[in-house]
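Visitor: Next comes the structure file entry_19.txt, holding compact mmCIF, C-alpha atoms.
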# COMPACT_ATOMS: atom_id res chain seq x y z
CA MET A 1 155.13 100.13 108.04
CA ARG A 2 154.59 102.84 105.48
CA LEU A 3 151.43 102.72 103.40
CA ASP A 4 151.97 102.96 99.67
CA SER A 5 150.47 106.22 98.34
CA LYS A 6 149.07 104.32 95.34
CA LEU A 7 146.84 102.27 97.64
CA LEU A 8 145.69 105.19 99.76
CA PHE A 9 143.03 106.54 97.36
CA PRO A 10 141.32 103.15 96.66
CA LEU A 11 141.23 102.38 100.39
CA LEU A 12 139.71 105.79 101.14
CA VAL A 13 137.02 105.22 98.48
CA ILE A 14 136.19 101.78 99.87
CA GLY A 15 136.11 103.11 103.45
CA CYS A 16 133.83 106.03 102.54
CA SER A 17 131.52 103.70 100.63
CA LEU A 18 131.18 101.40 103.63
CA VAL A 19 130.45 104.35 105.94
CA ILE A 20 127.83 105.79 103.57
CA GLN A 21 126.20 102.38 103.18
CA ASP A 22 126.03 101.92 106.95
CA ILE A 23 124.53 105.39 107.46
CA SER A 24 121.98 104.92 104.67
CA SER A 25 120.85 101.59 106.14
CA ARG A 26 120.29 103.24 109.50
CA LEU A 27 118.66 106.40 108.17
CA TYR A 28 116.21 104.78 105.77
CA HIS A 29 114.23 107.27 103.69
CA GLN A 30 112.43 107.25 100.40
CA PHE A 31 110.78 109.89 98.27
CA ASP A 32 107.37 109.37 96.72
CA LEU A 33 107.15 111.12 93.36
CA THR A 34 104.03 109.28 92.13
CA LYS A 35 100.94 111.38 91.47
CA LYS A 36 98.72 109.09 93.56
CA GLY A 37 101.16 108.85 96.45
CA LEU A 38 101.47 105.10 95.98
CA TYR A 39 104.59 104.94 98.17
CA SER A 40 103.26 107.02 101.05
CA LEU A 41 100.76 106.16 103.74
CA SER A 42 97.27 107.55 103.23
CA GLU A 43 95.52 110.04 105.47
CA SER A 44 93.18 107.37 106.84
CA THR A 45 96.17 105.25 107.94
CA GLY A 46 97.77 108.28 109.59
CA ASN A 47 94.59 108.90 111.59
CA ILE A 48 94.68 105.34 112.94
CA LEU A 49 98.39 105.34 113.80
CA LYS A 50 98.02 108.53 115.84
CA LYS A 51 95.81 106.63 118.29
CA PHE A 52 98.57 104.27 119.44
CA GLY A 53 100.39 106.91 121.45
CA SER A 54 103.70 105.99 123.04
CA ASP A 55 102.92 102.36 123.90
CA PRO A 56 105.01 99.88 121.88
CA VAL A 57 103.45 98.00 118.97
CA THR A 58 105.00 94.76 117.74
CA ALA A 59 104.55 93.00 114.42
CA LYS A 60 105.70 89.53 113.43
CA LEU A 61 105.68 88.96 109.67
CA PHE A 62 105.58 85.26 108.87
CA LEU A 63 107.33 85.07 105.54
CA ASP A 64 110.26 83.07 104.16
CA GLU A 65 113.25 85.09 103.00
CA GLY A 66 113.38 85.07 99.23
CA ASP A 67 109.59 84.98 98.91
CA ALA A 68 108.24 87.17 96.10
CA ASP A 69 106.32 89.29 98.64
CA TRP A 70 109.39 90.05 100.78
CA PRO A 71 110.37 93.39 99.13
CA GLN A 72 106.79 94.68 99.27
CA ALA A 73 106.39 93.59 102.90
CA GLU A 74 109.68 95.18 103.98
CA ARG A 75 108.97 98.44 102.16
CA LEU A 76 105.48 98.70 103.68
CA ILE A 77 106.42 97.84 107.27
CA ARG A 78 109.23 100.41 107.12
CA LEU A 79 106.72 103.06 106.06
CA TYR A 80 104.58 102.21 109.08
CA GLN A 81 107.60 102.31 111.39
CA LYS A 82 108.60 105.70 110.00
CA PHE A 83 105.18 107.11 110.98
CA LEU A 84 104.98 105.09 114.23
CA PRO A 85 108.45 105.00 115.86
CA THR A 86 107.22 102.71 118.66
CA LEU A 87 106.59 99.94 116.10
CA ARG A 88 108.99 97.02 116.37
CA TYR A 89 108.86 94.30 113.74
CA GLU A 90 110.63 91.10 112.79
CA PHE A 91 110.39 88.65 109.93
CA VAL A 92 109.79 85.05 111.02
CA SER A 93 110.47 82.21 108.59
CA PRO A 94 107.66 79.62 108.94
CA THR A 95 110.03 76.98 107.58
CA LYS A 96 112.76 77.65 110.16
CA HIS A 97 110.51 78.39 113.14
CA PRO A 98 107.65 75.85 113.21
CA LEU A 99 107.20 76.30 116.97
CA GLN A 100 106.29 79.99 116.52
CA VAL A 101 103.93 79.01 113.72
CA GLN A 102 102.17 76.67 116.15
CA GLU A 103 102.26 79.18 119.02
CA TYR A 104 100.60 81.98 117.02
CA GLY A 105 98.23 79.72 115.09
CA ILE A 106 99.60 80.61 111.67
CA ASP A 107 97.79 78.73 108.92
CA ARG A 108 99.24 80.46 105.86
CA ASN A 109 102.38 82.18 104.64
CA GLY A 110 102.08 85.98 104.58
CA THR A 111 100.34 86.36 107.96
CA VAL A 112 101.21 89.31 110.22
CA VAL A 113 100.64 89.16 114.00
CA TRP A 114 100.14 92.58 115.63
CA GLU A 115 100.28 93.12 119.41
CA TRP A 116 99.52 96.20 121.50
CA ARG A 117 98.62 96.56 125.17
CA GLY A 118 98.18 92.81 125.56
CA LYS A 119 95.80 92.55 122.60
CA ARG A 120 96.61 90.54 119.50
CA ILE A 121 95.16 90.42 115.99
CA LYS A 122 96.24 88.81 112.71
CA THR A 123 96.15 90.09 109.14
CA THR A 124 96.96 88.41 105.84
CA GLY A 125 98.62 90.07 102.89
CA PHE A 126 101.00 92.97 102.45
CA THR A 127 98.90 95.93 101.38
CA GLU A 128 98.15 99.14 103.22
CA ASP A 129 94.45 98.26 103.32
CA ARG A 130 95.14 94.99 105.14
CA PHE A 131 97.65 96.47 107.58
CA THR A 132 95.46 99.44 108.48
CA SER A 133 92.33 97.32 108.80
CA GLY A 134 94.07 95.14 111.38
CA LEU A 135 95.51 98.07 113.30
CA ARG A 136 92.10 99.73 113.36
CA ARG A 137 90.61 96.63 114.99
CA LEU A 138 93.48 96.64 117.48
CA VAL A 139 93.14 100.24 118.62
CA ASP A 140 89.40 100.78 118.00
CA PRO A 141 87.51 97.47 118.32
CA ARG A 142 84.07 99.10 118.28
CA ILE A 143 81.72 97.64 115.67
CA TYR A 144 79.04 99.81 114.03
CA PRO A 145 75.90 97.76 113.26
CA CYS A 146 74.46 98.94 109.93
CA TYR A 147 71.23 97.68 108.40
CA VAL A 148 70.55 97.44 104.65
CA LEU A 149 66.90 97.84 103.72
CA LYS A 150 65.41 95.19 101.45
CA GLY A 151 61.97 94.38 100.06
CA HIS A 152 61.82 97.09 97.38
CA GLY A 153 64.25 95.70 94.78
CA GLU A 154 67.30 97.28 96.41
CA LYS A 155 70.85 96.37 95.46
CA ASP A 156 72.34 93.39 97.28
CA PRO A 157 75.66 94.13 99.08
CA GLU A 158 77.26 90.76 98.28
CA LYS A 159 76.19 90.65 94.63
CA ASP A 160 76.09 94.29 93.54
CA PHE A 161 78.86 96.01 95.50
CA PRO A 162 81.08 93.35 97.14
CA PHE A 163 84.23 95.50 97.03
CA LEU A 164 82.55 98.34 98.93
CA THR A 165 81.04 95.82 101.35
CA GLN A 166 84.51 94.50 102.12
CA ARG A 167 85.85 98.02 102.64
CA LEU A 168 82.99 98.84 105.01
CA GLU A 169 83.69 95.71 107.03
CA GLU A 170 87.41 96.58 107.15
CA GLU A 171 86.43 99.91 108.71
CA ASN A 172 84.39 98.14 111.42
CA TYR A 173 80.93 98.51 109.88
CA SER A 174 78.84 95.36 110.20
CA LEU A 175 76.19 95.02 107.47
CA ARG A 176 72.92 93.24 108.23
CA MET A 177 69.78 92.93 106.11
CA LEU A 178 66.52 94.51 107.29
CA HIS A 179 63.04 93.80 105.92
CA LEU A 180 61.25 96.67 107.61
CA GLU A 181 57.72 95.57 106.74
CA GLU A 182 58.22 92.12 108.28
CA VAL A 183 60.12 93.23 111.38
CA GLY A 184 57.87 96.20 112.03
CA GLU A 185 60.55 98.30 113.74
CA VAL A 186 64.08 99.59 113.37
CA PRO A 187 66.49 97.54 115.53
CA GLY A 188 67.60 99.40 118.63
CA ASP A 189 71.32 98.85 117.93
CA ALA A 190 71.18 100.37 114.44
CA GLU A 191 73.96 102.92 114.04
CA LEU A 192 73.06 103.48 110.40
CA ILE A 193 70.51 102.40 107.79
CA PHE A 194 71.40 102.01 104.11
CA TRP A 195 68.76 102.34 101.41
CA ILE A 196 70.54 101.55 98.15
CA GLY A 197 68.89 101.62 94.72
CA PRO A 198 65.24 100.70 95.41
CA LYS A 199 63.01 99.94 92.43
CA GLU A 200 59.76 100.31 94.35
CA PRO A 201 58.57 102.99 96.80
CA LEU A 202 58.29 102.67 100.56
CA LEU A 203 55.00 101.66 102.10
CA GLU A 204 53.25 104.22 104.26
CA ARG A 205 54.03 102.30 107.47
CA GLU A 206 57.70 102.01 106.48
CA GLU A 207 57.84 105.76 105.87
CA ALA A 208 56.45 106.39 109.33
CA LEU A 209 59.04 104.08 110.92
CA LEU A 210 61.94 105.77 109.11
CA GLN A 211 60.59 109.22 109.93
CA HIS A 212 60.47 108.31 113.63
CA TYR A 213 63.94 106.76 113.41
CA LEU A 214 65.52 109.91 111.97
CA SER A 215 63.57 112.19 114.28
CA SER A 216 64.91 110.19 117.22
CA GLY A 217 68.55 110.69 116.20
CA GLY A 218 68.87 107.94 113.60
CA ARG A 219 71.31 108.00 110.71
CA MET A 220 70.76 107.05 107.05
CA VAL A 221 72.68 106.90 103.75
CA ILE A 222 70.34 106.80 100.76
CA CYS A 223 71.07 106.19 97.06
CA LEU A 224 68.08 106.83 94.78
CA ASP A 225 68.17 106.04 91.07
CA PRO A 226 66.24 108.20 88.60
CA LEU A 227 62.68 107.51 87.43
CA VAL A 228 61.90 105.49 90.57
CA PRO A 229 59.17 106.79 92.92
CA VAL A 230 60.32 106.93 96.54
CA ALA A 231 56.91 107.01 98.22
CA SER A 232 53.59 105.27 97.64
CA THR A 233 51.44 108.26 98.67
CA SER A 234 50.99 111.69 97.15
CA LYS A 235 52.04 113.29 100.45
CA PRO A 236 55.11 111.34 101.57
CA LEU A 237 55.96 111.64 105.25
CA PHE A 238 59.58 110.54 105.13
CA THR A 239 60.93 112.38 102.08
CA SER A 240 59.11 115.62 102.92
CA MET A 241 60.95 115.86 106.25
CA LEU A 242 64.29 115.81 104.41
CA GLY A 243 63.64 119.26 102.95
CA ILE A 244 64.65 118.11 99.46
CA VAL A 245 62.56 118.10 96.30
CA ILE A 246 63.18 114.74 94.62
CA GLY A 247 62.06 115.27 91.06
CA SER A 248 61.46 112.73 88.33
CA ASP A 249 64.36 113.59 86.07
CA VAL A 250 67.57 112.17 84.61
CA VAL A 251 70.81 114.12 84.50
CA VAL A 252 72.04 114.56 80.93
CA ASP A 253 75.60 115.72 80.41
CA LYS A 254 77.18 115.87 76.96
CA ARG A 255 80.57 116.05 78.65
CA SER A 256 79.99 112.39 79.56
CA GLN A 257 81.05 111.44 76.03
CA LEU A 258 84.59 111.68 77.39
CA PHE A 259 83.91 108.58 79.49
CA ARG A 260 81.81 106.03 77.63
CA GLY A 261 79.98 107.64 74.75
CA ASP A 262 76.42 108.30 75.97
CA PHE A 263 74.88 111.36 77.62
CA PHE A 264 73.75 109.91 80.96
CA PHE A 265 77.13 109.53 82.65
CA ALA A 266 76.94 112.45 85.10
CA THR A 267 80.18 113.78 86.53
CA ALA A 268 80.48 115.78 89.74
CA THR A 269 83.11 118.37 88.92
CA ARG A 270 82.73 120.58 92.00
CA TYR A 271 82.58 119.80 95.72
CA PHE A 272 81.09 122.12 98.32
CA ALA A 273 82.98 122.79 101.55
CA HIS A 274 81.95 120.11 104.06
CA ALA A 275 83.59 117.50 106.28
CA ILE A 276 82.54 114.75 103.83
CA THR A 277 84.28 116.41 100.87
CA ARG A 278 87.44 117.44 102.74
CA GLY A 279 90.48 116.68 100.61
CA LEU A 280 88.52 115.45 97.57
CA ASN A 281 90.03 116.85 94.38
CA LYS A 282 89.03 114.43 91.62
CA VAL A 283 85.73 114.00 89.83
CA SER A 284 83.06 111.59 91.04
CA VAL A 285 81.07 109.75 88.40
CA PHE A 286 77.41 108.75 88.51
CA PRO A 287 76.49 106.42 85.60
CA LEU A 288 72.74 107.21 85.71
CA ALA A 289 71.68 109.93 88.12
CA ARG A 290 68.83 112.14 89.24
CA SER A 291 69.25 115.64 90.60
CA PHE A 292 68.00 117.26 93.79
CA PHE A 293 66.50 120.66 94.43
CA LEU A 294 66.90 122.03 97.94
CA SER A 295 63.95 123.71 99.58
CA PRO A 296 64.72 127.43 100.01
CA ASN A 297 63.81 127.56 103.71
CA PRO A 298 63.57 124.09 105.25
CA GLN A 299 61.95 124.25 108.67
CA LYS A 300 63.33 121.25 110.51
CA VAL A 301 66.53 120.32 108.67
CA GLU A 302 69.86 121.92 107.84
CA LEU A 303 71.01 120.98 104.34
CA PHE A 304 74.53 120.83 102.91
CA PRO A 305 74.99 120.29 99.16
CA LEU A 306 78.05 118.10 98.56
CA ALA A 307 78.67 117.70 94.83
CA GLU A 308 77.33 119.16 91.62
CA THR A 309 77.74 118.85 87.87
CA SER A 310 79.21 121.39 85.48
CA GLU A 311 77.12 123.95 83.57
CA THR A 312 76.95 121.64 80.55
CA ALA A 313 74.51 119.27 82.28
CA TRP A 314 70.74 119.58 82.61
CA ALA A 315 67.88 117.74 84.31
CA GLU A 316 65.83 116.07 81.57
CA THR A 317 62.17 115.52 82.47
CA ASN A 318 60.79 114.43 79.09
CA ARG A 319 60.90 110.63 78.87
CA GLU A 320 60.40 110.69 75.12
CA SER A 321 63.48 112.86 74.76
CA LEU A 322 65.44 110.39 76.91
CA MET A 323 64.69 107.61 74.42
CA LYS A 324 66.23 109.58 71.56
CA GLU A 325 69.79 109.02 70.41
CA SER A 326 70.74 112.57 71.36
CA PRO A 327 68.52 114.30 73.97
CA GLN A 328 68.09 118.04 73.53
CA PHE A 329 67.81 120.67 76.24
CA ASP A 330 64.36 122.29 76.56
CA PRO A 331 64.66 125.67 78.33
CA VAL A 332 60.99 125.53 79.30
CA LEU A 333 60.78 122.06 80.84
CA ASP A 334 64.37 121.18 81.78
CA ARG A 335 66.56 122.60 84.53
CA LYS A 336 69.98 123.87 83.48
CA GLY A 337 73.15 122.85 85.31
CA PRO A 338 75.03 122.93 87.56
CA LEU A 339 72.89 120.28 89.26
CA ILE A 340 73.23 118.90 92.79
CA LEU A 341 73.93 115.15 92.87
CA ALA A 342 74.58 114.60 96.59
CA VAL A 343 73.23 116.25 99.75
CA ALA A 344 73.89 115.88 103.47
CA GLY A 345 71.35 116.89 106.06
CA GLU A 346 71.03 117.25 109.82
CA LEU A 347 67.69 117.54 111.58
CA LYS A 348 67.19 120.57 113.79
CA GLY A 349 66.23 119.49 117.27
CA GLU A 350 64.67 121.61 119.98
CA ASP A 351 66.66 119.87 122.71
CA ARG A 352 70.23 121.22 122.61
CA THR A 353 71.61 119.33 125.61
CA LEU A 354 74.85 117.40 125.36
CA THR A 355 73.03 114.08 125.48
CA TYR A 356 70.73 114.89 122.59
CA ARG A 357 71.61 113.28 119.23
CA THR A 358 70.29 114.82 116.04
CA GLY A 359 69.28 112.76 113.04
CA ARG A 360 71.65 112.78 110.07
CA PHE A 361 71.34 111.60 106.48
CA VAL A 362 73.25 111.68 103.19
CA LEU A 363 71.38 111.41 99.89
CA PHE A 364 72.93 110.44 96.54
CA GLY A 365 71.17 110.64 93.19
CA ASP A 366 72.53 107.31 91.94
CA SER A 367 73.31 103.85 93.27
CA ASP A 368 75.48 102.48 90.44
CA PHE A 369 78.44 104.68 91.42
CA ILE A 370 79.25 102.36 94.35
CA THR A 371 79.22 99.13 92.33
CA ASP A 372 82.52 97.40 91.60
CA GLN A 373 82.59 98.76 88.07
CA TYR A 374 82.66 102.41 89.15
CA VAL A 375 83.55 102.72 92.83
CA LYS A 376 87.32 102.94 92.21
CA ILE A 377 86.98 105.79 89.72
CA GLY A 378 87.92 109.29 90.88
CA ASP A 379 86.70 110.09 94.38
CA ASN A 380 83.70 107.73 94.38
CA LEU A 381 84.99 105.49 97.17
CA ASP A 382 86.18 108.28 99.46
CA LEU A 383 82.98 110.26 98.91
CA PHE A 384 80.77 107.37 99.98
CA LEU A 385 82.88 106.15 102.91
CA ASN A 386 83.28 109.71 104.17
CA ALA A 387 79.51 110.10 104.02
CA VAL A 388 79.09 106.98 106.15
CA ALA A 389 81.68 108.18 108.68
CA TRP A 390 80.05 111.62 108.92
CA ALA A 391 76.61 110.12 109.38
CA VAL A 392 77.72 108.10 112.43
CA GLU A 393 79.91 110.97 113.73
CA ARG A 394 83.18 109.12 113.25
CA GLU A 395 85.71 111.85 112.67
CA ASP A 396 88.73 109.57 112.09
CA GLY A 397 86.81 107.79 109.32
CA ILE A 398 86.74 110.93 107.17
CA ALA A 399 89.96 110.82 105.16
CA GLN A 400 91.55 109.96 101.85
CA ARG A 401 92.21 106.25 101.56
CA PRO A 402 94.92 104.17 99.88
CA LYS A 403 94.69 104.12 96.09
CA ASP A 404 94.74 100.96 94.01
CA PRO A 405 98.11 100.99 92.15
CA LEU A 406 96.64 98.80 89.39
CA HIS A 407 93.66 101.07 88.72
CA HIS A 408 94.52 103.99 86.46
CA PRO A 409 91.41 105.26 84.66
CA ILE A 410 92.12 107.93 82.08
CA ILE A 411 89.82 110.92 82.57
CA LEU A 412 90.38 113.68 80.05
CA SER A 413 89.18 117.25 80.16
CA ARG A 414 87.43 118.81 77.17
CA THR A 415 90.63 120.61 76.12
CA GLU A 416 92.70 117.43 76.43
CA THR A 417 90.15 115.49 74.40
CA PHE A 418 90.18 118.18 71.69
CA LEU A 419 93.97 118.18 71.49
CA LEU A 420 94.07 114.38 71.40
CA GLY A 421 91.53 114.37 68.58
CA ILE A 422 93.57 116.88 66.58
CA SER A 423 96.71 114.79 67.12
CA VAL A 424 95.09 111.53 66.06
CA MET A 425 92.94 112.85 63.23
CA GLY A 426 95.18 115.65 61.94
CA ILE A 427 98.81 115.83 63.01
CA LEU A 428 99.78 112.15 62.79
CA PRO A 429 98.11 111.51 59.39
CA GLY A 430 99.63 114.79 58.15
CA ILE A 431 103.13 113.69 59.16
CA CYS A 432 102.64 110.33 57.41
CA LEU A 433 101.41 112.12 54.29
CA LEU A 434 104.41 114.48 54.27
CA LEU A 435 106.83 111.57 54.70
CA GLY A 436 105.15 109.75 51.85
CA LEU A 437 105.41 112.80 49.57
CA TYR A 438 109.05 113.24 50.53
CA GLN A 439 109.87 109.63 49.64
CA TRP A 440 107.92 109.88 46.37
CA ARG A 441 109.72 113.09 45.39
CA LYS A 442 113.10 111.62 46.34
CA ARG A 443 112.47 108.52 44.22
CA SER A 444 111.22 110.60 41.29
CA ASN A 445 114.38 112.72 41.36
CA ALA A 446 116.53 109.60 41.46
CA ILE A 447 114.76 108.15 38.40
CA SER A 448 115.03 111.40 36.43
CA ASN A 449 118.75 111.78 37.19
CA SER A 450 119.46 108.25 36.06
Would you write out, as structure tokens, the structure that this file holds?
Guide:
Amino acid sequence: MRLDSKLLFPLLVIGCSLVIQDISSRLYHQFDLTKKGLYSLSESTGNILKKFGSDPVTAKLFLDEGDADWPQAERLIRLYQKFLPTLRYEFVSPTKHPLQVQEYGIDRNGTVVWEWRGKRIKTTGFTEDRFTSGLRRLVDPRIYPCYVLKGHGEKDPEKDFPFLTQRLEEENYSLRMLHLEEVGEVPGDAELIFWIGPKEPLLEREEALLQHYLSSGGRMVICLDPLVPVASTSKPLFTSMLGIVIGSDVVVDKRSQLFRGDFFFATATRYFAHAITRGLNKVSVFPLARSFFLSPNPQKVELFPLAETSETAWAETNRESLMKESPQFDPVLDRKGPLILAVAGELKGEDRTLTYRTGRFVLFGDSDFITDQYVKIGDNLDLFLNAVAWAVEREDGIAQRPKDPLHHPIILSRTETFLLGISVMGILPGICLLLGLYQWRKRSNAISNS
């Protein structure tokens, strides 16, 4: 039977289309052209997936076909499989497979069951944060007990920074409250101590306990707001060992008008080279901050500045000037920027054996930057979580994390703000005025001709 030449071309087109479709379905690939990399896995996820090695990982996604979350779930699990070829996954319809629902103890639609080396964990939701949090618990089940100091008006994790608290727990940090004066000692299992936004200074006995804790290899992350004394004595034991001069000042930065209109919104525009700041390339914002001055030759601590302001900022020490509508820089009393807003430190120990653990700390000049209102802006979240990971010597915890696709703060440079102002105040009104004159002239000519 001879094939009609008129049918040959359409059949070839259909055949080629089917072949291309089959190949594309097998060789799935996508390109991420978004600035935030919203359709790529983050560095922190990559660090976790590398730990699985060549052993197979299985995932059962309990979701009914046609569910609104299906496209997001399929796109995300394919991204994970692309990075981890040993991952095998399947979608299980809870409606069609009630026995599997009972077997795996599924109590809600959208649950994912992960298995690896005989271990099993469950996650809920189809976001990179949820997937990676579960896989982290699967491959690295170690929990880091962290204690949050209270008794001095500090911020409360559940009330003041619940989002950050959740992120810390997802990265295997367990937060517990510690009233040091009542307990009288630092718990022996403490991997890290948080001191976040105190309104009152430490007592002398508490200073001695923290000094001994750090000297013995302890780890701390401290956030100190401005105009709050950190010690109750004129010769503080704890803060003096840090090798940092903690002055009574407030950072003033007129560039902060780009953000919310006042002068006390300090922005860290430069990061120093350090493990904590690796990969950070956005600004960090500190709504109300104090600056730090590093001792020129600290005897028992090695200091690493982390972030500083631009040259437009200064450290204001005059409280009367702070109450004014527009504070003014005093070259005699105030310290000109750039100003250091965050510092890391490591105590120098005499014992250099492999079993010796040196004390580490990270100090921030503000505590509001980790609250829910500000923690998602710029590099705030990564800066803080990296500081925690560095303090406890957790190398895989230092990375850039997934970005919130719904959070897009607009941060303009001075040049961009100037150009925007010219456009809004000059160019657009000018164009409207010219169009109005053109219409008026056109109408006047029409009237005169008639």
Visitor: Nearest to A:Leu347 among A:Val148, A:Val301, A:Ala190, A:Leu209, with distances taken over all atoms listed in the file: which residue is it?
Guide: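 Among A:Val148, A:Val301, A:Ala190, A:Leu209, it is A:Val301 that comes nearest to A:Leu347.
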Visitor: Residues within 9 Å of stretch 115-123 of chain A, please, as a ChimeraX atom specification. Count all atoms listed in the file; anything in the same chain fewer than 2 positions from it doesn't count.
Guide: /A:52,55-60,106,110-113,125-126,130-131,133-135,137-139
Visitor: Expressed in Å to a single decimal, how great is the separation between atom CA of A:Leu180 and atom CA of A:Ile276?
Guide: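 Separation of atom CA of A:Leu180 and atom CA of A:Ile276: 28.2 Å.
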Visitor: Report, in Å to a single decimal, how far apart atom CA of A:Ser42 and atom CA of A:Leu63 are.
Guide: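 A separation of 24.7 Å between them.
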Visitor: Please determine, counting only C-alpha atoms, which residue among A:Asp330, A:Glu311, A:Glu302, A:Asp249 has the shortest atom-to-atom distance to A:Val362.
Guide: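 Residue with the minimum atom-to-atom distance to A:Val362: A:Glu302.
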Visitor: Any idea what's packed within 7 Å of A:Ile196, counting all atoms listed in the file, ignoring anything in its chain fewer than 6 positions away? Could you give it as an mmCIF file with C-alpha atoms, in the coordinates of the input?
Guide:
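Output below, filename part30.cif:
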data_model
loop_
_atom_site.group_PDB
_atom_site.id
_atom_site.type_symbol
_atom_site.label_atom_id
_atom_site.label_comp_id
_atom_site.auth_asym_id
_atom_site.auth_seq_id
_atom_site.Cartn_x
_atom_site.Cartn_y
_atom_site.Cartn_z
ATOM 1 C CA GLU A 154 67.300 97.280 96.410
ATOM 2 C CA LYS A 155 70.850 96.370 95.460
ATOM 3 C CA ILE A 222 70.340 106.800 100.760
ATOM 4 C CA CYS A 223 71.070 106.190 97.060
ATOM 5 C CA LEU A 224 68.080 106.830 94.780
ATOM 6 C CA SER A 367 73.310 103.850 93.270
#
Visitor: In Å, rounded to a single decimal, give me how far atom CA of A:Val230 is from atom CA of A:Lys324.
Guide: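 These atoms are spaced 25.8 Å apart.
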Visitor: Could you tell me which of A:Val101, A:Leu306, A:Ile377, A:Leu175 comes closest to A:Tyr144 if we count all atoms listed in the file?
Guide: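 Nearest candidate to A:Tyr144 out of A:Val101, A:Leu306, A:Ile377, A:Leu175: A:Leu175.
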Visitor: Of the candidates A:Cys146, A:Cys432, A:Leu49, A:Val392, which one gets nearest to A:Leu79 if we count only C-alpha atoms?
Guide: A:Leu49
Visitor: What's around stretch 201-204 of chain A at 12 Å? Count all atoms listed in the file, leave out sequence neighbours fewer than 2 positions away in its own chain, and write the answer as a PDB file with C-alpha atoms, in the coordinates of the input.
Guide:
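Contents of out-v2.pdb, freshly written:
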ATOM      1  CA  LEU A 149      66.900  97.840 103.720  1.00  0.00           C
ATOM      2  CA  LYS A 150      65.410  95.190 101.450  1.00  0.00           C
ATOM      3  CA  GLY A 151      61.970  94.380 100.060  1.00  0.00           C
ATOM      4  CA  HIS A 152      61.820  97.090  97.380  1.00  0.00           C
ATOM      5  CA  GLY A 153      64.250  95.700  94.780  1.00  0.00           C
ATOM      6  CA  GLU A 154      67.300  97.280  96.410  1.00  0.00           C
ATOM      7  CA  HIS A 179      63.040  93.800 105.920  1.00  0.00           C
ATOM      8  CA  LEU A 180      61.250  96.670 107.610  1.00  0.00           C
ATOM      9  CA  GLU A 181      57.720  95.570 106.740  1.00  0.00           C
ATOM     10  CA  GLU A 182      58.220  92.120 108.280  1.00  0.00           C
ATOM     11  CA  GLY A 184      57.870  96.200 112.030  1.00  0.00           C
ATOM     12  CA  TRP A 195      68.760 102.340 101.410  1.00  0.00           C
ATOM     13  CA  GLY A 197      68.890 101.620  94.720  1.00  0.00           C
ATOM     14  CA  PRO A 198      65.240 100.700  95.410  1.00  0.00           C
ATOM     15  CA  LYS A 199      63.010  99.940  92.430  1.00  0.00           C
ATOM     16  CA  GLU A 206      57.700 102.010 106.480  1.00  0.00           C
ATOM     17  CA  GLU A 207      57.840 105.760 105.870  1.00  0.00           C
ATOM     18  CA  ALA A 208      56.450 106.390 109.330  1.00  0.00           C
ATOM     19  CA  LEU A 209      59.040 104.080 110.920  1.00  0.00           C
ATOM     20  CA  LEU A 210      61.940 105.770 109.110  1.00  0.00           C
ATOM     21  CA  GLN A 211      60.590 109.220 109.930  1.00  0.00           C
ATOM     22  CA  LEU A 224      68.080 106.830  94.780  1.00  0.00           C
ATOM     23  CA  ASP A 225      68.170 106.040  91.070  1.00  0.00           C
ATOM     24  CA  LEU A 227      62.680 107.510  87.430  1.00  0.00           C
ATOM     25  CA  VAL A 228      61.900 105.490  90.570  1.00  0.00           C
ATOM     26  CA  PRO A 229      59.170 106.790  92.920  1.00  0.00           C
ATOM     27  CA  VAL A 230      60.320 106.930  96.540  1.00  0.00           C
ATOM     28  CA  ALA A 231      56.910 107.010  98.220  1.00  0.00           C
ATOM     29  CA  SER A 232      53.590 105.270  97.640  1.00  0.00           C
ATOM     30  CA  THR A 233      51.440 108.260  98.670  1.00  0.00           C
ATOM     31  CA  SER A 234      50.990 111.690  97.150  1.00  0.00           C
ATOM     32  CA  LYS A 235      52.040 113.290 100.450  1.00  0.00           C
ATOM     33  CA  PRO A 236      55.110 111.340 101.570  1.00  0.00           C
ATOM     34  CA  LEU A 237      55.960 111.640 105.250  1.00  0.00           C
ATOM     35  CA  PHE A 238      59.580 110.540 105.130  1.00  0.00           C
ATOM     36  CA  THR A 239      60.930 112.380 102.080  1.00  0.00           C
TER      37      THR A 239
END
Visitor: Produce the centre coordinates and the three edge lengths, each in Å to one decimal, of the box along x, y and z that contains all listed atoms of stretch 439-447 of chain A with 3 Å added on each side, as lines of an AutoDock Vina configuration file.
Guide:
center_x = 112.2
center_y = 110.6
center_z = 44.0
size_x = 14.6
size_y = 10.9
size_z = 17.2
Visitor: Can you pull out every residue within 7 Å of A:Asp368, counting all atoms listed in the file, but drop anything in the same chain fewer than 2 positions away, and send it as a PyMOL selection string?
Guide: chain A and resi 286-287+366+370-371
Visitor: So that I have them on file, write out the residues from the current selection with C-alpha atoms, as an mmCIF file, in the frame of the given file.
Guide:
data_model
loop_
_atom_site.group_PDB
_atom_site.id
_atom_site.type_symbol
_atom_site.label_atom_id
_atom_site.label_comp_id
_atom_site.auth_asym_id
_atom_site.auth_seq_id
_atom_site.Cartn_x
_atom_site.Cartn_y
_atom_site.Cartn_z
ATOM 1 C CA PHE A 286 77.410 108.750 88.510
ATOM 2 C CA PRO A 287 76.490 106.420 85.600
ATOM 3 C CA ASP A 366 72.530 107.310 91.940
ATOM 4 C CA ILE A 370 79.250 102.360 94.350
ATOM 5 C CA THR A 371 79.220 99.130 92.330
#
Visitor: With distances taken over all atoms listed in the file, which residue among A:Ala399, A:Leu385, A:Leu61, A:Ala273 lies nearest A:Ala73?
Guide: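 Among the listed residues, A:Leu61 lies closest to A:Ala73.
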